[in-house]
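Undergrad: Sharing a structure with you now.
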Amino acid sequence: MPKVKKASKSVIKLVKGMKDILPNEQAYWDLIRNKVNAAAKDYGFQYIDTPIVEATALFKRAVGEETDAVSKEMYSFVDQGGEKLSLRPENTAGVVRAYIEHGMLNLPQPVKLFYFAPQFRHDKPQAGRYRQFWQFGFEVIGENDPIVDAQMISLSYFILQELGLNVEIQVNSIGDDSCRPKYIKTLTNYYKDNKKDLCLDCQKRLLKNPLRLLDCKVKKCQDLAKDAPQTVDHLCDECNKHFTAVLEYLDELDVKYNLNSKIVRGLDYYTKTAWEIVETSEEGKLNALGGGGRYDDLVYLMGGRQTPAIGFACGVERVINKMKDVKASLPENWRPDVYVATLGPEARKKALHLLLELRKEKVSVSEDLAKTGLKGQLESADKKGARYALILGQKEIVDGTVLIRDMENGVQEVVDIKKAVKEVQKRLEHHLIAKVLKKSK
RNA sequence: GUGUCUAUGGUGUAACGGUUAACACAGCGGUUUGUGGUACCGCUAAUGAGGGUUCGAUUCCCUCUAGACACCCCA
C-alpha cells in the first residue's frame with residue numbers, strides 16, 4: 001500500500017446556501033425530471049435553456065426594481081468588461097427575453113416553453129430554501145383565453161400529484177393595470193384607520209407592499225384582514241369575466257382548488273390569475289411548492305409587442321423535501337445485470353475483453369478488477385445488486401470456460417467462454433419474462 | 001436583517017468535571033488469491049476555533065465560526 005497522506009486541517013467548504021446533490025439523492029431528481037419531461041411532451045411544451053447570467057437591467061425591468069428578489073437578493077456583479085450582470089433569480093424574464101429576441105412571435109401562437117434550471121437568490125437559507133435552487137417552470141406566451149389559465153393550473157397540479165404529493169391550488173385574481181391600483185388604494189384606506197392596531201411589520205407593509213397585509217400571521221392583523229376589501233370584489237369587468245371563466249373551467253377539471261384572496265405574487269409582472277400550489281398533508285404549514293400567474297404586460301414591458309402570457313414554476317428542493325416527508329415511492333435503483341469477478345492475472349486480462357464484449361452487447365456490467373479476493377468481489381456484486389456473476393479463474397482460463405453464478409440462489413454453471421455473453425443474455429431474457437408474467441398476474 | 005436552538009470519527013449516537021473519549025453502521029484489510037447476501041479478527045477515523053473558570057473541561061462560562069429552524073420574503 002502506498003503511504004497515505006493525512007488530511008490537511010484546512011478544508012474549503014460548501015458556500016453558504018449551496019447544496020451538493022449527492023448520488024443517493026439523484027433518484028428524486030431523476031423522477032422529477034422524468035415526470036416534468038413527460039408532462040411537457042403530453043401538453044406540447046418545448047424545452048428551453050436560457051443563460052444563468054443576464055443583464056441586471058433585465059431583472060430590474062421585468063421582475064421589478066422594488067421586489068425583494070431583485071433589490072435585496074440578487075447576485076449582481078460587474079464583469080471584466082464593465083457590464084452589469086446578475087445571476088437569474090427566476091427564469092421567466094429570460095424566457096420572455098428569448099421570445100422577443102428570437103422573434104418567436106412569428107411562430108404559431110401560443111409558444112409553449114418549459115425549463116428545469118438553477119436559480120439564484122441571496123436569501124438566508126432555511127428548510128427547502130437555498131441560494132442556488134432549482135425550478136421547473138412552464139410558460140405559455142401569446143394566448144389570453146382563460147381556458148389556458150385553467151389548463152396551466154391543472155398542469156401544475158397534475159405534475160405534483162404525479163410525484164405522489166397531496167396538493168391543493170390556492171387561486172386568486174390580482175387584477176390588472178386598470179383595477180389593481182384602485183384596489184390598492186381602497187385597501188390602504190381601509191388600513192389607514194386601523195394603523196395603530198397593526199404589527200410593526202404590517203405598518204411597513206402598508207407603505208411598501210399593501211397586498212402583503214392580507215397574509216400576516218399576527219392575530220390582530222389577521223382579524224383586520226378578515227374584513228379587508230378583497231381583490232376579487234374590486235376587479236374591473238374584464239378581469240372579473242376572465243376570472244369567472246377560469247374558475248368555471250377549473251370546475252370541469254379534476255383539480256382541488258381554493259379561492260384565496262391572500263394569494264399575492266412576489267414579482268411585479270403578474271396580472272389577473274395568480275395561484276400557488278401547496279401541500280396539504282401537514283396542517284398549518286402551507287409552504288408553497290410552486291406558484292404561477294398571468295403576466296399579460298411583461299412582453300410589452302420588455303420591449304416586445306403587447307402579448308398575453310401565463311406561467312408557473314415549482315421549487316424542486318421543496319418538492320423533494322415534501323416527497324421525503326410523505327415517503328413518496330421512488331423507482332427501483334439501477335442494478336447491473338452481470339458482475340465479472342476474476343482470480344489471477346491471466347483472468348484479469350481475459351476479463352478486460354469479456355467486459356468490452358458485454359458492454360458492446362448492451363449488457364449492463366459491473367466489476368472491481370482491482371480487487372483480488374473472490375470473496376470481496378462477490379460481496380461487491382451483492383451490494384451492487386447484480387443478477388449474475390461471471391467468475392473467471394485460472395482453472396477456467398485453462399479450460400476456456402467461465403462460471404455463471406445466479407446471485408439469487410447461488411446456482412452455478414460452467415459454460416464455454418465464447419458463449420458466455422449469449423448465455424447471459426438468455427438468462428436475462430428469462431428473468432425479464434418471469435418478471436412480466438409476475439406483474440400480469 | 002431579527003430571533004431560537006445546535007456543534008464528538010464518513011454517518012447515527014454515548015461519556016456524575018477525573019484513566020488510553022465509548023458503541024453501532026459504513027469504509028479498508030485479513031481469516032492458506034476459489035464463492036456474497038448470513039461468521040470471526042484487525043485497521044482507519046472525532047470533541048469546530050479561540051479565550052476563561054478549575055489541580056483537571058467533551059462536560060461549566062464568554063467570544064467567534066459554522067449549521068439547523070423560524071420571522072421577513074419567497075419557490
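Going through the C-alpha cells in order, the chains are called A, B, and so on, while each chain numbers its residues from 1 and the ligands are numbered from 1 in the order shown.
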Show me, as a tab-separated table, the residues of chain B having an atom within 10 Å of chain A, each with the closest atom pair and its distance in Å, using only C-alpha atoms (C1' of nucleotides).

TA:
```
residue	atom	partner	partner_atom	distance
B:G1	C1'	A:Lys124	CA	9.6
B:U33	C1'	A:Gly373	CA	5.3
B:G34	C1'	A:Leu374	CA	6.5
B:U35	C1'	A:Lys375	CA	6.0
B:G36	C1'	A:Glu379	CA	4.2
B:G37	C1'	A:Asp382	CA	6.2
B:A66	C1'	A:Lys16	CA	9.5
B:G67	C1'	A:Lys16	CA	9.7
B:A68	C1'	A:Gln126	CA	7.9
B:C69	C1'	A:Gln126	CA	7.0
B:A70	C1'	A:Gln126	CA	8.7
B:C72	C1'	A:Asp201	CA	8.3
B:C73	C1'	A:Asp68	CA	6.8
B:C74	C1'	A:Gly266	CA	7.1
B:A75	C1'	A:Gly315	CA	4.2
```

Undergrad: Which residues, written as a PDB file with N, CA and C atoms, in the first residue's frame, have at least one atom at most 9 Å from segment 172-178 of chain A, with only C-alpha atoms (C1' of nucleotides) counted and residues fewer than 3 positions away on the same chain left out?

TA:
```
ATOM      1  N   PRO A 181     -54.496  49.222  -9.182  1.00  0.00           N
ATOM      2  CA  PRO A 181     -54.147  50.457  -8.464  1.00  0.00           C
ATOM      3  C   PRO A 181     -55.305  50.972  -7.623  1.00  0.00           C
ATOM      4  N   LYS A 182     -56.510  50.885  -8.181  1.00  0.00           N
ATOM      5  CA  LYS A 182     -57.676  51.357  -7.436  1.00  0.00           C
ATOM      6  C   LYS A 182     -57.886  50.495  -6.207  1.00  0.00           C
ATOM      7  N   TYR A 183     -57.713  49.199  -6.395  1.00  0.00           N
ATOM      8  CA  TYR A 183     -57.919  48.284  -5.278  1.00  0.00           C
ATOM      9  C   TYR A 183     -56.928  48.578  -4.152  1.00  0.00           C
ATOM     10  N   THR A 231     -59.480  41.506  -3.290  1.00  0.00           N
ATOM     11  CA  THR A 231     -59.203  41.809  -4.697  1.00  0.00           C
ATOM     12  C   THR A 231     -60.361  41.417  -5.598  1.00  0.00           C
ATOM     13  N   VAL A 232     -60.882  40.214  -5.360  1.00  0.00           N
ATOM     14  CA  VAL A 232     -61.898  39.719  -6.278  1.00  0.00           C
ATOM     15  C   VAL A 232     -63.136  40.604  -6.338  1.00  0.00           C
ATOM     16  N   HIS A 234     -63.017  43.771  -6.313  1.00  0.00           N
ATOM     17  CA  HIS A 234     -62.664  45.052  -6.926  1.00  0.00           C
ATOM     18  C   HIS A 234     -62.054  44.913  -8.314  1.00  0.00           C
ATOM     19  N   LEU A 235     -62.388  43.820  -8.967  1.00  0.00           N
ATOM     20  CA  LEU A 235     -61.868  43.624 -10.314  1.00  0.00           C
ATOM     21  C   LEU A 235     -62.684  44.439 -11.305  1.00  0.00           C
ATOM     22  N   CYS A 236     -62.010  44.874 -12.362  1.00  0.00           N
ATOM     23  CA  CYS A 236     -62.756  45.534 -13.426  1.00  0.00           C
ATOM     24  C   CYS A 236     -63.546  44.469 -14.188  1.00  0.00           C
ATOM     25  N   CYS A 239     -61.366  41.796 -16.008  1.00  0.00           N
ATOM     26  CA  CYS A 239     -60.700  40.853 -15.110  1.00  0.00           C
ATOM     27  C   CYS A 239     -61.699  39.919 -14.450  1.00  0.00           C
ATOM     28  N   ASN A 240     -62.809  40.473 -14.108  1.00  0.00           N
ATOM     29  CA  ASN A 240     -63.845  39.698 -13.450  1.00  0.00           C
ATOM     30  C   ASN A 240     -64.357  38.586 -14.363  1.00  0.00           C
ATOM     31  N   PHE A 243     -61.682  35.916 -14.723  1.00  0.00           N
ATOM     32  CA  PHE A 243     -61.524  35.071 -13.539  1.00  0.00           C
ATOM     33  C   PHE A 243     -62.688  34.097 -13.389  1.00  0.00           C
ATOM     34  N   ASN A 258     -58.912  26.220  -4.052  1.00  0.00           N
ATOM     35  CA  ASN A 258     -59.460  27.064  -3.018  1.00  0.00           C
ATOM     36  C   ASN A 258     -59.367  28.496  -3.485  1.00  0.00           C
ATOM     37  N   LEU A 259     -60.432  29.226  -3.382  1.00  0.00           N
ATOM     38  CA  LEU A 259     -60.315  30.662  -3.628  1.00  0.00           C
ATOM     39  C   LEU A 259     -59.603  31.256  -2.438  1.00  0.00           C
ATOM     40  N   ASN A 260     -58.542  31.967  -2.687  1.00  0.00           N
ATOM     41  CA  ASN A 260     -57.771  32.506  -1.576  1.00  0.00           C
ATOM     42  C   ASN A 260     -57.339  33.926  -1.902  1.00  0.00           C
ATOM     43  N   SER A 261     -58.022  34.858  -1.280  1.00  0.00           N
ATOM     44  CA  SER A 261     -57.778  36.260  -1.610  1.00  0.00           C
ATOM     45  C   SER A 261     -56.419  36.732  -1.118  1.00  0.00           C
ATOM     46  N   LYS A 262     -55.754  35.864  -0.338  1.00  0.00           N
ATOM     47  CA  LYS A 262     -54.461  36.269   0.193  1.00  0.00           C
ATOM     48  C   LYS A 262     -53.308  35.953  -0.762  1.00  0.00           C
ATOM     49  N   ILE A 263     -53.582  35.235  -1.799  1.00  0.00           N
ATOM     50  CA  ILE A 263     -52.510  34.897  -2.735  1.00  0.00           C
ATOM     51  C   ILE A 263     -52.112  36.137  -3.514  1.00  0.00           C
ATOM     52  N   VAL A 264     -50.896  36.545  -3.270  1.00  0.00           N
ATOM     53  CA  VAL A 264     -50.356  37.709  -3.951  1.00  0.00           C
ATOM     54  C   VAL A 264     -48.967  37.293  -4.414  1.00  0.00           C
ATOM     55  N   ARG A 265     -48.641  37.512  -5.603  1.00  0.00           N
ATOM     56  CA  ARG A 265     -47.345  37.042  -6.079  1.00  0.00           C
ATOM     57  C   ARG A 265     -46.246  38.038  -5.720  1.00  0.00           C
ATOM     58  N   TYR A 270     -46.921  40.084 -12.522  1.00  0.00           N
ATOM     59  CA  TYR A 270     -48.152  39.310 -12.597  1.00  0.00           C
ATOM     60  C   TYR A 270     -49.405  40.164 -12.754  1.00  0.00           C
ATOM     61  N   THR A 271     -50.364  39.606 -13.470  1.00  0.00           N
ATOM     62  CA  THR A 271     -51.679  40.238 -13.637  1.00  0.00           C
ATOM     63  C   THR A 271     -52.741  39.142 -13.554  1.00  0.00           C
ATOM     64  N   LYS A 272     -53.934  39.564 -13.270  1.00  0.00           N
ATOM     65  CA  LYS A 272     -55.090  38.648 -13.281  1.00  0.00           C
ATOM     66  C   LYS A 272     -54.855  37.385 -12.446  1.00  0.00           C
ATOM     67  N   THR A 273     -54.924  36.236 -13.108  1.00  0.00           N
ATOM     68  CA  THR A 273     -54.886  34.971 -12.373  1.00  0.00           C
ATOM     69  C   THR A 273     -53.552  34.756 -11.670  1.00  0.00           C
ATOM     70  N   ALA A 274     -53.626  34.430 -10.386  1.00  0.00           N
ATOM     71  CA  ALA A 274     -52.421  34.080  -9.629  1.00  0.00           C
ATOM     72  C   ALA A 274     -52.740  32.864  -8.803  1.00  0.00           C
ATOM     73  N   TRP A 275     -51.807  31.925  -8.742  1.00  0.00           N
ATOM     74  CA  TRP A 275     -52.082  30.748  -7.899  1.00  0.00           C
ATOM     75  C   TRP A 275     -50.821  30.214  -7.256  1.00  0.00           C
ATOM     76  N   GLU A 276     -51.035  29.466  -6.208  1.00  0.00           N
ATOM     77  CA  GLU A 276     -49.942  28.785  -5.534  1.00  0.00           C
ATOM     78  C   GLU A 276     -50.334  27.331  -5.374  1.00  0.00           C
ATOM     79  N   GLY A 293     -48.832  32.533 -12.488  1.00  0.00           N
ATOM     80  CA  GLY A 293     -49.793  33.580 -12.745  1.00  0.00           C
ATOM     81  C   GLY A 293     -49.688  34.094 -14.160  1.00  0.00           C
ATOM     82  N   ASP A 296     -49.625  39.413 -18.517  1.00  0.00           N
ATOM     83  CA  ASP A 296     -50.049  39.912 -19.825  1.00  0.00           C
ATOM     84  C   ASP A 296     -49.281  41.128 -20.310  1.00  0.00           C
ATOM     85  N   ASP A 297     -48.632  41.832 -19.373  1.00  0.00           N
ATOM     86  CA  ASP A 297     -47.944  43.056 -19.790  1.00  0.00           C
ATOM     87  C   ASP A 297     -46.440  42.889 -19.932  1.00  0.00           C
TER      88      ASP A 297
END
```

Undergrad: Which polymer residues have any atom within 12 Å of an atom of Asn91 of chain A, counting only C-alpha atoms (C1' of nucleotides), with same-chain residues fewer than 5 positions away left out, as a PyMOL selection string?

TA: (chain A and resi 48-54+58-59+62-63+96-98+113-121+133-139+267+311-315) or (chain B and resi 75)

Undergrad: Residues near Ala386 of chain A, anyone? I mean within 7 Å using only C-alpha atoms (C1' of nucleotides), not counting same-chain ones fewer than 6 positions away, as a list in words.

TA: Arg335, Pro336, Asp337, Val338, Tyr339 and Met407 of chain A

Undergrad: Keeping C-alpha atoms for every residue in the selection just given, could you write it to a file as a PDB file, in the first residue's frame?

TA:
```
ATOM      1  CA  ARG A 335     -28.812  -2.771 -10.867  1.00  0.00           C
ATOM      2  CA  PRO A 336     -26.144  -4.242 -13.075  1.00  0.00           C
ATOM      3  CA  ASP A 337     -27.129  -7.383 -14.973  1.00  0.00           C
ATOM      4  CA  VAL A 338     -23.773  -9.010 -14.554  1.00  0.00           C
ATOM      5  CA  TYR A 339     -20.753  -8.742 -12.327  1.00  0.00           C
ATOM      6  CA  MET A 407     -26.765 -14.364  -7.419  1.00  0.00           C
TER       7      MET A 407
END
```

Undergrad: Let's see if you can do this: from backbone DSSP, list all strand (DSSP E) residues in segment 118-230 of chain A, as a list in words.

TA: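 Strand (DSSP E) members of segment 118-230 of chain A, listed: Pro118, Gln119, Phe120, Gln132, Phe133, Trp134, Gln135, Phe136, Gly137, Phe138, Glu139, Val140, Ile141, Val167, Glu168, Ile169, Gln170, Val171, Asn172 and Ser173 of chain A.
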
Undergrad: With only C-alpha atoms (C1' of nucleotides) as the counted atoms, please give the residues lying no more than 9 Å from A46 of chain B, apart from itself and same-chain residues fewer than 6 positions off, as a ChimeraX atom specification.

TA: /B:8-9,21

Undergrad: Do a neighbour search on G52 of chain B at 12 Å with only C-alpha atoms (C1' of nucleotides), toss out local chain neighbours closer than 2 positions, and write the hits as a ChimeraX atom specification.

TA: /B:50,54,57,60-63

Undergrad: Enumerate as an MDAnalysis selection string all residues of segment 166-391 of chain A assigned to helix (DSSP H, G or I) by DSSP on the backbone, naming them with the chain letters and numbers the document uses.

TA: chainID A and resid 180:192 195:197 200:208 210:215 219:226 231:234 237:252 298:301 316:325 345:360 374:384

Undergrad: Have a look at atom CA of Ile147 of chain A and atom CA of Ala245 of chain A and let me know their distance in Å, one decimal.

TA: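 Calculated distance between atom CA of Ile147 of chain A and atom CA of Ala245 of chain A is 7.4 Å.
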
Undergrad: At a cut-off of 6 Å, using only C-alpha atoms (C1' of nucleotides), what residues contact Val140 of chain A? Leave out same-chain residues fewer than 5 positions from it and give the result as a list in words.

TA: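 Listed by chain and then number, they are Val111, Lys112, Ala309 and Ile310 of chain A.
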
Undergrad: Would you please work out which residue, of A:Val363, A:Tyr191, A:Arg294, A:Ser76, is nearest to Glu423 of chain A when using only C-alpha atoms?

TA: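 Of A:Val363, A:Tyr191, A:Arg294, A:Ser76, the one nearest Glu423 of chain A is A:Val363, counting only C-alpha atoms.
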
Undergrad: What is the atom C1' of G29 of chain B to atom CA of Leu369 of chain A distance in Å?

TA: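 Separating atom C1' of G29 of chain B from atom CA of Leu369 of chain A is a distance of 16.9 Å.
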